[in-house]
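The file work03.txt comes next; it holds compact mmCIF, C-alpha atoms.
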# COMPACT_ATOMS: atom_id res chain seq x y z
CA MET E 1 0.00 0.00 0.00
CA ASN E 2 1.50 3.29 -1.11
CA ALA E 3 0.38 6.62 0.31
CA PRO E 4 -0.48 9.41 -0.50
CA PHE E 5 -3.00 7.45 -2.58
CA PHE E 6 -3.77 10.38 -4.90
CA LYS E 7 -0.11 10.98 -5.70
CA PHE E 8 0.33 7.31 -6.57
CA GLY E 9 -2.61 7.48 -8.99
CA LEU E 10 -5.11 5.40 -7.02
CA PHE E 11 -7.88 7.77 -8.16
CA GLY E 12 -8.23 10.78 -10.43
CA GLU E 13 -9.05 14.49 -10.24
CA GLU E 14 -12.83 13.98 -10.28
CA ALA E 15 -12.76 11.53 -7.37
CA SER E 16 -10.39 13.84 -5.48
CA LEU E 17 -13.18 16.44 -5.32
CA LEU E 18 -15.44 13.92 -3.62
CA VAL E 19 -12.60 13.19 -1.16
CA ALA E 20 -12.37 16.97 -0.62
CA VAL E 21 -16.03 17.17 0.40
CA LEU E 22 -15.72 14.18 2.75
CA ILE E 23 -12.55 15.50 4.40
CA GLY E 24 -14.19 18.92 4.65
CA ILE E 25 -17.20 17.40 6.41
CA GLY E 26 -14.89 15.82 8.99
CA PHE E 27 -13.01 19.10 9.40
CA GLY E 28 -16.19 21.17 9.81
CA PHE E 29 -17.75 18.61 12.14
CA PHE E 30 -14.86 18.66 14.60
CA LEU E 31 -14.47 22.46 14.38
CA GLU E 32 -18.10 22.84 15.45
CA ARG E 33 -17.81 20.08 18.08
CA ALA E 34 -14.90 22.02 19.60
CA GLY E 35 -17.05 25.16 19.75
CA PHE E 36 -15.15 26.94 16.99
CA GLY E 37 -18.31 28.18 15.26
CA SER E 38 -18.56 30.63 18.15
CA ALA E 39 -16.43 33.79 18.07
CA ARG E 40 -16.65 34.21 21.84
CA LYS E 41 -15.34 30.69 22.42
CA LEU E 42 -12.45 31.30 19.96
CA VAL E 43 -11.50 34.75 21.23
CA ALA E 44 -11.59 33.60 24.88
CA GLN E 45 -8.15 32.16 24.09
CA PHE E 46 -6.78 35.70 23.97
CA TYR E 47 -8.44 36.78 27.23
CA LEU E 48 -7.19 33.58 28.93
CA THR E 49 -10.66 32.51 30.07
CA ASP E 50 -10.84 29.41 27.85
CA LEU E 51 -7.78 27.99 26.11
CA ALA E 52 -9.67 25.56 23.84
CA VAL E 53 -8.05 27.05 20.71
CA PHE E 54 -4.58 26.14 21.95
CA LYS E 55 -5.67 22.72 23.25
CA VAL E 56 -7.57 21.68 20.12
CA MET E 57 -4.92 23.02 17.73
CA PHE E 58 -1.99 21.39 19.44
CA THR E 59 -3.80 18.11 20.05
CA ALA E 60 -4.62 18.04 16.33
CA ILE E 61 -1.05 18.93 15.35
CA VAL E 62 0.44 16.27 17.64
CA THR E 63 -2.06 13.61 16.49
CA ALA E 64 -1.43 14.23 12.79
CA MET E 65 2.33 14.64 13.32
CA LEU E 66 2.61 11.31 15.18
CA GLY E 67 0.48 9.63 12.50
CA VAL E 68 2.65 10.98 9.69
CA THR E 69 5.85 10.03 11.53
CA LEU E 70 4.61 6.51 12.29
CA LEU E 71 3.28 5.83 8.78
CA GLY E 72 6.43 7.36 7.30
CA SER E 73 8.75 5.14 9.37
CA MET E 74 6.70 2.07 8.43
CA GLY E 75 7.21 2.94 4.77
CA VAL E 76 3.47 3.30 4.15
CA LEU E 77 3.47 7.07 3.60
CA ASP E 78 6.04 8.75 1.37
CA LEU E 79 6.50 12.07 3.15
CA SER E 80 8.36 13.58 0.20
CA GLN E 81 5.06 13.38 -1.71
CA VAL E 82 3.15 15.43 0.89
CA TYR E 83 3.01 19.08 -0.19
CA LEU E 84 4.93 21.55 1.97
CA VAL E 85 4.09 25.24 1.58
CA PRO E 86 7.45 26.89 0.81
CA THR E 87 8.88 29.05 3.58
CA TYR E 88 9.15 32.79 2.97
CA TRP E 89 10.19 34.19 6.35
CA THR E 90 9.27 37.87 5.96
CA PRO E 91 5.70 37.62 4.63
CA GLN E 92 4.91 34.64 6.87
CA ILE E 93 6.02 36.45 10.01
CA LEU E 94 4.27 39.68 9.00
CA GLY E 95 1.20 37.83 7.70
CA GLY E 96 0.96 35.91 10.98
CA LEU E 97 0.96 39.13 13.01
CA VAL E 98 -1.69 40.76 10.78
CA LEU E 99 -3.79 37.58 10.81
CA GLY E 100 -3.55 37.34 14.60
CA ALA E 101 -4.87 40.90 14.92
CA GLY E 102 -7.66 40.09 12.45
CA PHE E 103 -8.51 37.00 14.52
CA VAL E 104 -9.20 39.06 17.68
CA ILE E 105 -10.93 41.93 15.86
CA GLY E 106 -13.06 39.73 13.59
CA GLY E 107 -13.54 36.81 15.98
CA TYR E 108 -12.77 34.04 13.50
CA CYS E 109 -10.22 32.65 11.08
CA PRO E 110 -11.29 31.64 7.54
CA GLY E 111 -12.06 27.98 8.39
CA THR E 112 -13.93 28.70 11.60
CA SER E 113 -15.92 31.48 9.90
CA ILE E 114 -17.42 28.83 7.61
CA ALA E 115 -18.49 26.85 10.68
CA ALA E 116 -19.96 30.08 12.13
CA VAL E 117 -21.95 30.79 8.95
CA ALA E 118 -23.22 27.19 8.89
CA THR E 119 -24.49 27.52 12.46
CA GLY E 120 -26.26 30.85 11.86
CA ARG E 121 -23.79 33.45 13.15
CA ILE E 122 -24.55 36.78 11.44
CA ASP E 123 -21.17 38.20 12.45
CA GLY E 124 -19.60 35.18 10.72
CA MET E 125 -21.44 36.06 7.49
CA ILE E 126 -20.22 39.68 7.66
CA TYR E 127 -16.73 38.40 8.45
CA VAL E 128 -16.81 36.28 5.28
CA LEU E 129 -17.73 39.41 3.28
CA GLY E 130 -14.73 41.07 4.94
CA ILE E 131 -12.49 38.23 3.74
CA GLY E 132 -13.78 38.89 0.22
CA ALA E 133 -13.01 42.60 0.54
CA GLY E 134 -9.58 41.84 2.01
CA THR E 135 -8.81 39.44 -0.84
CA LEU E 136 -9.76 42.14 -3.38
CA THR E 137 -7.58 44.65 -1.51
CA PHE E 138 -4.64 42.24 -1.43
CA ALA E 139 -5.02 41.49 -5.14
CA GLY E 140 -5.23 45.21 -5.91
CA LEU E 141 -2.10 45.94 -3.89
CA PHE E 142 -0.23 42.88 -5.16
CA PRO E 143 1.98 44.82 -7.62
CA TRP E 144 3.33 46.75 -4.61
CA LEU E 145 3.30 43.81 -2.19
CA LYS E 146 5.06 41.38 -4.52
CA GLY E 147 8.53 42.24 -3.22
CA LEU E 148 7.40 41.56 0.33
CA TYR E 149 5.50 38.42 -0.76
CA LEU E 150 8.73 36.92 -2.13
CA ALA E 151 11.08 38.16 0.62
CA GLY E 152 13.10 35.71 2.71
CA GLY E 153 12.41 32.71 0.50
CA ALA E 154 13.86 29.44 1.85
CA GLY E 155 11.97 26.86 -0.24
CA ALA E 156 10.34 23.78 1.28
CA LEU E 157 12.00 23.75 4.70
CA THR E 158 11.23 21.65 7.77
CA LEU E 159 12.22 22.35 11.37
CA PRO E 160 14.52 19.27 11.47
CA GLN E 161 16.37 20.66 8.42
CA LEU E 162 16.50 24.16 9.86
CA LEU E 163 17.73 23.03 13.29
CA HIS E 164 19.95 20.21 11.92
CA LEU E 165 18.24 17.72 14.22
CA PRO E 166 16.90 14.23 13.47
CA TYR E 167 13.17 14.20 12.58
CA GLY E 168 12.32 12.03 15.60
CA VAL E 169 14.02 14.41 18.02
CA VAL E 170 11.93 17.36 16.79
CA VAL E 171 8.75 15.23 16.95
CA PHE E 172 9.61 14.29 20.54
CA GLY E 173 10.32 17.95 21.35
CA VAL E 174 6.94 19.05 19.98
CA VAL E 175 5.15 16.37 22.04
CA VAL E 176 6.95 17.49 25.21
CA MET E 177 6.17 21.15 24.44
CA ALA E 178 2.51 20.33 23.83
CA ILE E 179 2.16 18.39 27.09
CA ALA E 180 3.86 21.21 29.02
CA GLY E 181 1.54 23.66 27.23
CA PHE E 182 -1.57 21.65 28.15
CA TYR E 183 -0.47 21.61 31.79
CA GLY E 184 0.20 25.37 31.64
CA ALA E 185 -3.20 25.93 30.04
CA SER E 186 -4.92 24.10 32.90
CA LEU E 187 -3.14 26.37 35.41
CA ILE E 188 -4.10 29.52 33.47
CA GLU E 189 -7.73 28.41 33.21
CA ALA E 190 -7.85 27.67 36.94
CA ARG E 191 -6.67 31.26 37.52
CA PHE E 192 -8.68 33.19 34.85
CA GLY E 193 -11.21 30.63 33.59
CA ALA E 194 -14.93 31.22 33.12
CA LYS E 195 -17.09 29.46 35.68
CA ASP E 196 -19.58 28.21 33.09
CA GLY E 197 -17.03 25.97 31.40
CA GLY E 198 -16.99 28.02 28.21
CA ARG E 199 -20.62 27.47 27.19
CA THR E 200 -21.88 30.05 24.70
CA GLU E 201 -25.52 30.05 25.68
CA MET Y 1 -50.86 32.20 16.39
CA VAL Y 2 -48.44 35.08 16.42
CA THR Y 3 -45.05 33.49 16.82
CA THR Y 4 -44.44 31.26 13.85
CA ILE Y 5 -40.68 31.81 13.65
CA PRO Y 6 -38.94 28.58 14.63
CA ASP Y 7 -36.64 28.99 17.66
CA VAL Y 8 -33.67 28.10 15.52
CA LEU Y 9 -34.22 31.20 13.38
CA ARG Y 10 -34.53 33.59 16.28
CA PRO Y 11 -31.65 35.33 18.04
CA MET Y 12 -31.00 33.89 21.47
CA GLU Y 13 -32.02 37.23 23.03
CA MET Y 14 -35.50 36.87 21.51
CA VAL Y 15 -36.24 33.56 23.19
CA PRO Y 16 -37.85 34.31 26.56
CA PRO Y 17 -36.52 32.30 29.53
CA LYS Y 18 -39.84 30.48 29.82
CA GLU Y 19 -39.52 29.14 26.29
CA MET Y 20 -35.91 28.18 26.92
CA GLY Y 21 -37.22 26.05 29.74
CA GLN Y 22 -39.62 24.40 27.31
CA ASP Y 23 -36.72 23.86 24.95
CA ALA Y 24 -34.87 22.09 27.70
CA ALA Y 25 -37.92 19.97 28.45
CA ARG Y 26 -38.08 18.97 24.80
CA GLY Y 27 -34.36 18.18 24.93
CA ARG Y 28 -33.56 20.92 22.42
CA VAL Y 29 -31.29 23.04 24.61
CA ALA Y 30 -27.82 23.54 23.19
CA GLN Y 31 -25.40 20.85 24.31
CA ALA Y 32 -22.03 21.69 25.81
CA TYR Y 33 -19.07 21.55 23.45
CA SER Y 34 -16.86 18.47 23.22
CA ASN Y 35 -13.80 17.96 25.34
CA PRO Y 36 -11.09 19.97 23.51
CA TYR Y 37 -8.61 17.09 23.54
CA LEU Y 38 -11.15 14.70 21.98
CA ALA Y 39 -12.12 17.28 19.35
CA GLY Y 40 -8.41 17.86 18.71
CA ILE Y 41 -7.77 14.14 18.17
CA GLY Y 42 -10.72 14.05 15.75
CA LEU Y 43 -9.38 17.06 13.87
CA GLY Y 44 -5.88 15.53 13.83
CA LEU Y 45 -7.19 12.28 12.35
CA VAL Y 46 -9.03 14.20 9.61
CA LEU Y 47 -5.80 16.07 8.84
CA LEU Y 48 -3.87 12.78 8.80
CA ALA Y 49 -6.46 11.32 6.41
CA ALA Y 50 -5.89 14.30 4.08
CA PHE Y 51 -2.12 13.65 4.14
CA VAL Y 52 -2.51 9.91 3.51
CA ILE Y 53 -5.27 10.06 0.90
CA MET Y 54 -4.42 13.30 -0.92
CA GLY Y 55 -0.82 14.17 -0.05
CA ARG Y 56 -1.90 17.61 1.09
CA GLY Y 57 -3.37 19.19 4.19
CA LEU Y 58 -6.45 21.20 5.02
CA GLY Y 59 -7.12 24.80 4.00
CA ALA Y 60 -9.65 27.56 3.76
CA SER Y 61 -8.24 30.88 2.54
CA GLY Y 62 -7.42 29.47 -0.92
CA ALA Y 63 -11.11 28.75 -1.47
CA PHE Y 64 -11.89 32.42 -0.86
CA SER Y 65 -9.22 33.48 -3.39
CA ALA Y 66 -10.70 31.15 -6.01
CA THR Y 67 -14.21 32.47 -5.37
CA VAL Y 68 -13.12 36.13 -5.56
CA ALA Y 69 -11.14 35.42 -8.75
CA TRP Y 70 -14.19 33.72 -10.28
CA VAL Y 71 -16.63 36.53 -9.39
CA LEU Y 72 -14.23 39.25 -10.53
CA ASN Y 73 -13.45 37.36 -13.73
CA ALA Y 74 -17.13 37.53 -14.67
CA ILE Y 75 -17.21 41.31 -14.11
CA ALA Y 76 -13.73 42.45 -15.15
CA PRO Y 77 -11.84 39.64 -16.97
CA ALA Y 78 -9.14 42.01 -18.21
CA TYR Y 79 -8.30 43.05 -14.63
CA VAL Y 80 -8.03 39.43 -13.46
CA ALA Y 81 -5.91 38.47 -16.48
CA GLY Y 82 -3.48 41.27 -15.61
CA ASN Y 83 -3.38 40.53 -11.87
CA GLU Y 84 -0.55 38.23 -10.85
CA PHE Y 85 -2.30 37.12 -7.66
CA LEU Y 86 -5.74 36.31 -9.11
CA GLU Y 87 -4.76 35.09 -12.58
CA PRO Y 88 -3.49 31.62 -11.49
CA TYR Y 89 -6.95 30.84 -10.06
CA ILE Y 90 -8.47 31.28 -13.53
CA GLY Y 91 -5.61 29.67 -15.47
CA ASP Y 92 -6.16 28.91 -19.15
CA GLY Y 93 -9.92 28.66 -18.64
CA ALA Y 94 -9.96 24.91 -19.37
CA THR Y 95 -11.32 24.09 -15.91
CA HIS Y 96 -13.86 26.11 -13.95
CA PRO Y 97 -12.09 28.16 -11.25
CA LEU Y 98 -14.43 26.76 -8.62
CA LYS Y 99 -13.62 23.19 -9.62
CA ALA Y 100 -10.78 23.25 -7.11
CA TRP Y 101 -9.94 20.94 -4.23
CA LEU Y 102 -10.13 23.64 -1.55
CA VAL Y 103 -13.49 24.96 -2.78
CA PHE Y 104 -15.03 21.48 -2.45
CA GLU Y 105 -13.33 20.99 0.92
CA VAL Y 106 -14.83 24.26 2.20
CA LEU Y 107 -18.31 23.16 1.01
CA GLY Y 108 -17.72 20.07 3.13
CA VAL Y 109 -16.69 22.22 6.12
CA PHE Y 110 -20.01 24.04 5.85
CA ALA Y 111 -21.95 20.76 5.72
CA GLY Y 112 -19.95 19.16 8.54
CA ALA Y 113 -20.37 22.13 10.85
CA LEU Y 114 -24.08 22.27 10.07
CA ILE Y 115 -24.49 18.54 10.85
CA SER Y 116 -22.63 18.90 14.15
CA GLY Y 117 -24.52 22.08 15.05
CA LEU Y 118 -27.93 20.53 14.31
CA LEU Y 119 -27.13 17.35 16.24
CA ALA Y 120 -26.16 19.42 19.28
CA GLY Y 121 -28.94 22.04 18.98
CA ARG Y 122 -26.38 24.79 18.48
CA VAL Y 123 -27.68 26.30 15.23
CA LYS Y 124 -28.92 29.78 16.20
CA VAL Y 125 -29.25 32.95 14.14
CA MET Y 126 -27.38 35.38 16.37
CA VAL Y 127 -24.55 37.87 16.62
CA GLU Y 128 -21.57 36.65 18.66
CA LYS Y 129 -20.38 39.53 20.83
CA GLY Y 130 -19.52 40.60 24.35
CA PRO Y 131 -22.11 42.29 26.60
CA ARG Y 132 -20.63 45.80 26.27
CA VAL Y 133 -20.80 46.27 22.50
CA SER Y 134 -23.72 46.94 20.15
CA PRO Y 135 -24.48 44.46 17.34
CA SER Y 136 -23.71 47.08 14.67
CA VAL Y 137 -20.26 47.86 16.11
CA ARG Y 138 -19.57 44.14 16.41
CA LEU Y 139 -20.59 43.58 12.77
CA ALA Y 140 -18.41 46.47 11.58
CA LEU Y 141 -15.47 44.99 13.49
CA ALA Y 142 -16.23 41.54 12.05
CA PHE Y 143 -15.91 43.03 8.56
CA CYS Y 144 -12.62 44.80 9.39
CA GLY Y 145 -11.24 41.68 11.07
CA GLY Y 146 -12.14 39.62 8.00
CA MET Y 147 -10.27 42.08 5.79
CA LEU Y 148 -7.15 41.99 7.96
CA MET Y 149 -7.35 38.20 8.16
CA ALA Y 150 -7.50 37.91 4.37
CA ILE Y 151 -4.54 40.23 3.84
CA GLY Y 152 -2.49 38.37 6.47
CA ALA Y 153 -3.43 34.94 5.11
CA HIS Y 154 -2.59 35.83 1.50
CA LEU Y 155 0.74 37.34 2.55
CA ALA Y 156 1.57 34.20 4.54
CA ARG Y 157 0.39 31.78 1.79
CA GLY Y 158 -2.18 30.24 4.10
CA CYS Y 159 -4.31 30.70 7.19
CA THR Y 160 -4.75 28.89 10.48
CA SER Y 161 -5.77 25.71 8.60
CA GLY Y 162 -3.40 25.71 5.64
CA GLN Y 163 -0.39 27.03 7.52
CA ALA Y 164 -0.68 26.58 11.29
CA LEU Y 165 -2.52 23.23 11.44
CA THR Y 166 -1.22 21.58 8.26
CA GLY Y 167 2.31 23.02 8.34
CA GLY Y 168 2.47 22.54 12.11
CA ALA Y 169 1.92 18.79 11.79
CA LEU Y 170 4.45 18.54 8.93
CA LEU Y 171 7.04 20.50 10.97
CA ASN Y 172 7.14 23.14 8.24
CA ALA Y 173 9.59 25.83 9.43
CA GLY Y 174 7.70 28.81 7.97
CA SER Y 175 4.40 27.51 9.36
CA TRP Y 176 5.80 27.38 12.90
CA ALA Y 177 7.12 30.94 12.61
CA PHE Y 178 3.71 31.96 11.25
CA MET Y 179 1.86 30.23 14.09
CA MET Y 180 3.94 31.93 16.80
CA CYS Y 181 3.24 35.28 15.12
CA VAL Y 182 -0.52 34.60 14.96
CA PHE Y 183 -0.62 34.15 18.73
CA GLY Y 184 1.75 37.12 19.17
CA GLY Y 185 -0.35 39.43 16.98
CA ALA Y 186 -3.58 38.35 18.67
CA TYR Y 187 -2.32 38.82 22.23
CA ALA Y 188 -0.79 42.19 21.23
CA VAL Y 189 -4.15 43.68 20.17
CA ALA Y 190 -6.50 41.77 22.54
CA TYR Y 191 -6.33 44.44 25.25
CA PHE Y 192 -7.46 47.20 22.87
CA PHE Y 193 -10.51 45.23 21.73
CA ARG Y 194 -11.57 43.88 25.12
CA LYS Y 195 -14.84 45.86 25.05
CA GLU Y 196 -15.86 43.87 21.96
CA TRP Y 197 -15.70 40.60 23.88
CA ILE Y 198 -15.65 40.90 27.68

For this file, produce the structure as structure tokens.
Amino acid sequence: MNAPFFKFGLFGEEASLLVAVLIGIGFGFFLERAGFGSARKLVAQFYLTDLAVFKVMFTAIVTAMLGVTLLGSMGVLDLSQVYLVPTYWTPQILGGLVLGAGFVIGGYCPGTSIAAVATGRIDGMIYVLGIGAGTLTFAGLFPWLKGLYLAGGAGALTLPQLLHLPYGVVVFGVVVMAIAGFYGASLIEARFGAKDGGRTE
Amino acid sequence: MVTTIPDVLRPMEMVPPKEMGQDAARGRVAQAYSNPYLAGIGLGLVLLAAFVIMGRGLGASGAFSATVAWVLNAIAPAYVAGNEFLEPYIGDGATHPLKAWLVFEVLGVFAGALISGLLAGRVKVMVEKGPRVSPSVRLALAFCGGMLMAIGAHLARGCTSGQALTGGALLNAGSWAFMMCVFGGAYAVAYFFRKEWI
């Protein structure tokens, strides 16, 4: 069995769109289960009353990372065939800062805003219109932003390559960091946490 | 009969406490959210499935770019053809711009969230906001936040899904730098927008 299945030609473009819908359903389902269709639940992360964003995100990252590492070491999954977004330090650092500000001000990120719209949040619908306007703005400014967009290019780069450490060591480090983070989150929530357990209603 | 609007279509504020009690009696009160670690494992397994089946991760912002490119291409094709950011989403015109993996994935996200929300009784037409801000201010801020988010995501070549979650699990160096900066940027401005939320 060779994975990624699509890259090894197990199915074609048309079928990949069906896979997209199914994977999207899983993604949207767990986003909503986590409470991420609610801006207040999401933004509570930044007021330290509910750290679900950190917990869910890092649990997901660790789960998928361990799965990829395990399947890769078993020779089932060819990691070189999994697409890595190329690293461009400057726009990714700057973009992250701008996006973080937009997260607090708008209450969502693009994926969670879809979950918000699906569950009836009017602010989520307006937010989506804002994304459209922001995309138009970015496209309009692209001739001027292109230099920044391409600044600090480093190609497809992983942390193990950057730090000159074996893959397994970095994986282990991320797991340790996540566990320490989860423990820290429980302490922060005990100090600042909402008494209603983060319920929206 | 005066009130014919189903509860689901009414803002939470419009449902009197008495009716909420009836909702509870009918078992239709919103359920609490899942344990974050369980939801995280679920999300992680979906992400892993995307890696194994497709050789790519999750995403969202790319679907917005494709949609904007498609709409604009219908209105001003010359502008799109001359725009280096939007033009790749149209390509040579052989395939429809919306016939893209991320667009279908985002349709799935909508369906999945709706299914989960309906099962848990959490679908409510409402404005998410703190108690100290008016709905119109909140909606204006939602629009501005969406704009900033889009600009940040396009600069960074991905958003919280495509960069932080996907790149995080693949130990992508740029994604980890991006993720740290997302938290940094959010904590940096949170104080100034506290009246919107708390």

Answer as an NGL selection string, residues within 12 Å of (-13.4, 13.1, 5.9) using all atoms listed in the file
(:E and (16-30)) or (:Y and (42-54 or 57-58 or 104-106 or 108-109 or 111-112))

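Distance-wise, atom CA of E:Ile131 and atom CA of E:Gly111 end up 11.3 Å apart.
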
With a distance cut-off of 12 Å and all atoms listed in the file, select the neighbouring residues of E:Leu163, excluding the residue or stretch itself and same-chain residues fewer than 6 positions from it, and output the selection as JSON, numbers by chain.
{"E": [157, 169, 170], "Y": [171, 172, 173]}

Counting only C-alpha atoms, what are the residues of stretch 108-184 of chain E within 12 Å of stretch 131-140 of chain Y, and for each of them which pair of atoms is the nearest and at what distance in Å, to one decimal? Sort the table by chain and rising number, as JSON lines.
{"residue": "E:Arg121", "atom": "CA", "partner": "Y:Leu139", "partner_atom": "CA", "distance": 10.6}
{"residue": "E:Ile122", "atom": "CA", "partner": "Y:Leu139", "partner_atom": "CA", "distance": 8.0}
{"residue": "E:Asp123", "atom": "CA", "partner": "Y:Leu139", "partner_atom": "CA", "distance": 5.4}
{"residue": "E:Gly124", "atom": "CA", "partner": "Y:Leu139", "partner_atom": "CA", "distance": 8.7}
{"residue": "E:Met125", "atom": "CA", "partner": "Y:Leu139", "partner_atom": "CA", "distance": 9.2}
{"residue": "E:Ile126", "atom": "CA", "partner": "Y:Leu139", "partner_atom": "CA", "distance": 6.4}
{"residue": "E:Tyr127", "atom": "CA", "partner": "Y:Leu139", "partner_atom": "CA", "distance": 7.8}
{"residue": "E:Val128", "atom": "CA", "partner": "Y:Leu139", "partner_atom": "CA", "distance": 11.1}
{"residue": "E:Leu129", "atom": "CA", "partner": "Y:Leu139", "partner_atom": "CA", "distance": 10.8}
{"residue": "E:Gly130", "atom": "CA", "partner": "Y:Ala140", "partner_atom": "CA", "distance": 9.3}

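One finds atom CA of Y:Ala153 at 24.5 Å from atom CA of Y:Ile75.
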
Could you name the residues that touch E:Gly100 at 9 Å or less, counting all atoms listed in the file, but leaving out those on the same chain fewer than 4 positions away, as a PyMOL selection string?
(chain E and resi 95-96+104-105+109) or (chain Y and resi 148-149+152+179+181-189)

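When atom CA of Y:Gln31 is paired with atom CA of Y:Cys159, their separation reads 28.9 Å.
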
Spatial neighbours of E:Leu77, 10 Å, all atoms listed in the file, chain gap at least 5 places, as an MDAnalysis selection string
(chainID E and resid 1:5 67:72 82) or (chainID Y and resid 51:53 55)

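Closest to chain Y among E:Leu42, E:Ala115, E:Leu66, E:Asp50 is E:Ala115, based on only C-alpha atoms.
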